[in-house]
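**Student:** Mind looking over this structure? Questions follow.
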Amino acid sequence: MVISSNKKVIELISHLSTQLNQLGILLQTNIADEFTVHNMASSVHIDILKHRIYLRFKLSINGIELFDNDIINIQITEGIIHATCTVYSNYGIDNVMKYQNDLDDFELAIFDKIFIELLSCITSHINLLIQSN
């Protein structure tokens, strides 16, 4: 049973899982439109006990695994939402963004910014892979 003090956090995590899932679908769609991809997937993982949610992204091109990592991590602690977005592959690590704000001031519009920057970063890593082959 969810206690009332956590109800707001649980509802937010539920909403965030939908947003992250949608972001994963948009990333896959845009990447598949631009590149020949052999294996690609995204999944949202939720840890209700730790108030943590993350988006895992997997991508292989020409049989070479480029990504298989958590690209967005969100955790809620003591009324504050913390989010990090990091892309790493054999071609480097990019800290796309770090975000921290009070739950009451959190705006979902942050996902629009994350999508644009994340797509650009992933595209960069893909281009580096293609150029090296």
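Scheme for the structure tokens: letters A, B, ... for chains in order shown; per-chain residue numbers from 1; ligand numbers from 1 in order shown.
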Which residues of stretch 67-98 of chain A have any atom within 10 Å of an atom in stretch 32-50 of chain A when counting only C-alpha atoms, and what is the closest pair of atoms for each, with the distance in Å to one decimal? Order the rows by chain and rising number and write it as CSV.

**Tutor:**
residue,atom,partner,partner_atom,distance
A:Phe67,CA,A:Met40,CA,9.0
A:Asp68,CA,A:Ala41,CA,9.0
A:Asn69,CA,A:Ser42,CA,9.6
A:Asp70,CA,A:Ser43,CA,9.2
A:Ile71,CA,A:Ser42,CA,9.7
A:Ile72,CA,A:Val44,CA,9.5
A:Asn73,CA,A:His45,CA,9.6
A:Ile74,CA,A:Ile46,CA,9.6
A:Gln75,CA,A:Lys50,CA,7.6
A:Ile76,CA,A:Lys50,CA,8.1
A:Thr77,CA,A:Lys50,CA,8.5

**Student:** Store the residues picked out above in a file with N, CA and C atoms, as a PDB file, in the first residue's frame.

**Tutor:**
ATOM      1  N   PHE A  67      26.072   1.280 -28.138  1.00  0.00           N
ATOM      2  CA  PHE A  67      25.518   1.650 -26.828  1.00  0.00           C
ATOM      3  C   PHE A  67      24.819   0.457 -26.205  1.00  0.00           C
ATOM      4  N   ASP A  68      24.939   0.351 -24.926  1.00  0.00           N
ATOM      5  CA  ASP A  68      24.120  -0.533 -24.104  1.00  0.00           C
ATOM      6  C   ASP A  68      24.250  -0.004 -22.687  1.00  0.00           C
ATOM      7  N   ASN A  69      23.637   1.150 -22.453  1.00  0.00           N
ATOM      8  CA  ASN A  69      23.778   1.776 -21.143  1.00  0.00           C
ATOM      9  C   ASN A  69      22.575   2.646 -20.794  1.00  0.00           C
ATOM     10  N   ASP A  70      22.560   3.060 -19.548  1.00  0.00           N
ATOM     11  CA  ASP A  70      21.497   3.936 -19.047  1.00  0.00           C
ATOM     12  C   ASP A  70      21.846   5.360 -19.451  1.00  0.00           C
ATOM     13  N   ILE A  71      21.024   5.953 -20.319  1.00  0.00           N
ATOM     14  CA  ILE A  71      21.361   7.275 -20.822  1.00  0.00           C
ATOM     15  C   ILE A  71      20.674   8.395 -20.043  1.00  0.00           C
ATOM     16  N   ILE A  72      19.578   8.074 -19.371  1.00  0.00           N
ATOM     17  CA  ILE A  72      18.910   9.064 -18.514  1.00  0.00           C
ATOM     18  C   ILE A  72      18.627   8.405 -17.171  1.00  0.00           C
ATOM     19  N   ASN A  73      19.052   9.044 -16.116  1.00  0.00           N
ATOM     20  CA  ASN A  73      18.798   8.573 -14.753  1.00  0.00           C
ATOM     21  C   ASN A  73      18.077   9.674 -13.983  1.00  0.00           C
ATOM     22  N   ILE A  74      16.989   9.300 -13.350  1.00  0.00           N
ATOM     23  CA  ILE A  74      16.223  10.257 -12.547  1.00  0.00           C
ATOM     24  C   ILE A  74      16.006   9.648 -11.171  1.00  0.00           C
ATOM     25  N   GLN A  75      16.245  10.453 -10.147  1.00  0.00           N
ATOM     26  CA  GLN A  75      15.986  10.006  -8.785  1.00  0.00           C
ATOM     27  C   GLN A  75      15.345  11.146  -8.009  1.00  0.00           C
ATOM     28  N   ILE A  76      14.408  10.776  -7.154  1.00  0.00           N
ATOM     29  CA  ILE A  76      13.725  11.759  -6.312  1.00  0.00           C
ATOM     30  C   ILE A  76      14.123  11.486  -4.871  1.00  0.00           C
ATOM     31  N   THR A  77      14.712  12.508  -4.239  1.00  0.00           N
ATOM     32  CA  THR A  77      15.121  12.384  -2.842  1.00  0.00           C
ATOM     33  C   THR A  77      14.718  13.634  -2.089  1.00  0.00           C
TER      34      THR A  77
END

**Student:** Run DSSP on the backbone and grab whatever in chain A lands in helix (DSSP H, G or I); send it over as a PyMOL selection string.

**Tutor:** chain A and resi 4-34+103-105+110-132

**Student:** By how many Å are atom CA of A:Leu129 and atom CA of A:Asn95 apart?

**Tutor:**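 A separation of 18.8 Å between them.
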
**Student:** Excluding A:Ile114 and any residue of its chain fewer than 2 positions from it, enumerate the residues within 12 Å of it, using only C-alpha atoms, and give them as a PyMOL selection string.

**Tutor:** chain A and resi 19-20+23-24+26-27+71-73+83-87+95-99+108-112+116-122

**Student:** Taking only C-alpha atoms into account, name the residue in A:Ser89, A:Phe106, A:Gln28, A:Ser17 that is nearest to A:Ile64.

**Tutor:** A:Ser89

**Student:** A:Glu65, A:Glu107, A:Glu78, A:Asp102: which is nearest A:His125, counting only C-alpha atoms?

**Tutor:**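 Counting only C-alpha atoms, the residue closest to A:His125 is A:Glu65.
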
**Student:** Using only C-alpha atoms for the distances, tell me which of A:Leu55, A:Ile81, A:Leu103, A:Ile31 is nearest to A:Ser124.

**Tutor:**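 Answer, going by the shortest atom-to-atom distance: A:Ile31.
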
**Student:** Tell me, which residues of stretch 11-96 of chain A carry DSSP strand (DSSP E), written as a ChimeraX atom specification?

**Tutor:** /A:39-47,52-61,64-77,80-89,92-96

**Student:** Can you work out the spacing between atom CA of A:Gln131 and atom CA of A:Ile25 in Å, to one decimal?

**Tutor:** 25.7 Å

**Student:** I'd like to know which of A:Asn133, A:Asn21, A:Arg52, A:Leu66 is closest to A:Tyr91, using only C-alpha atoms.

**Tutor:** A:Leu66
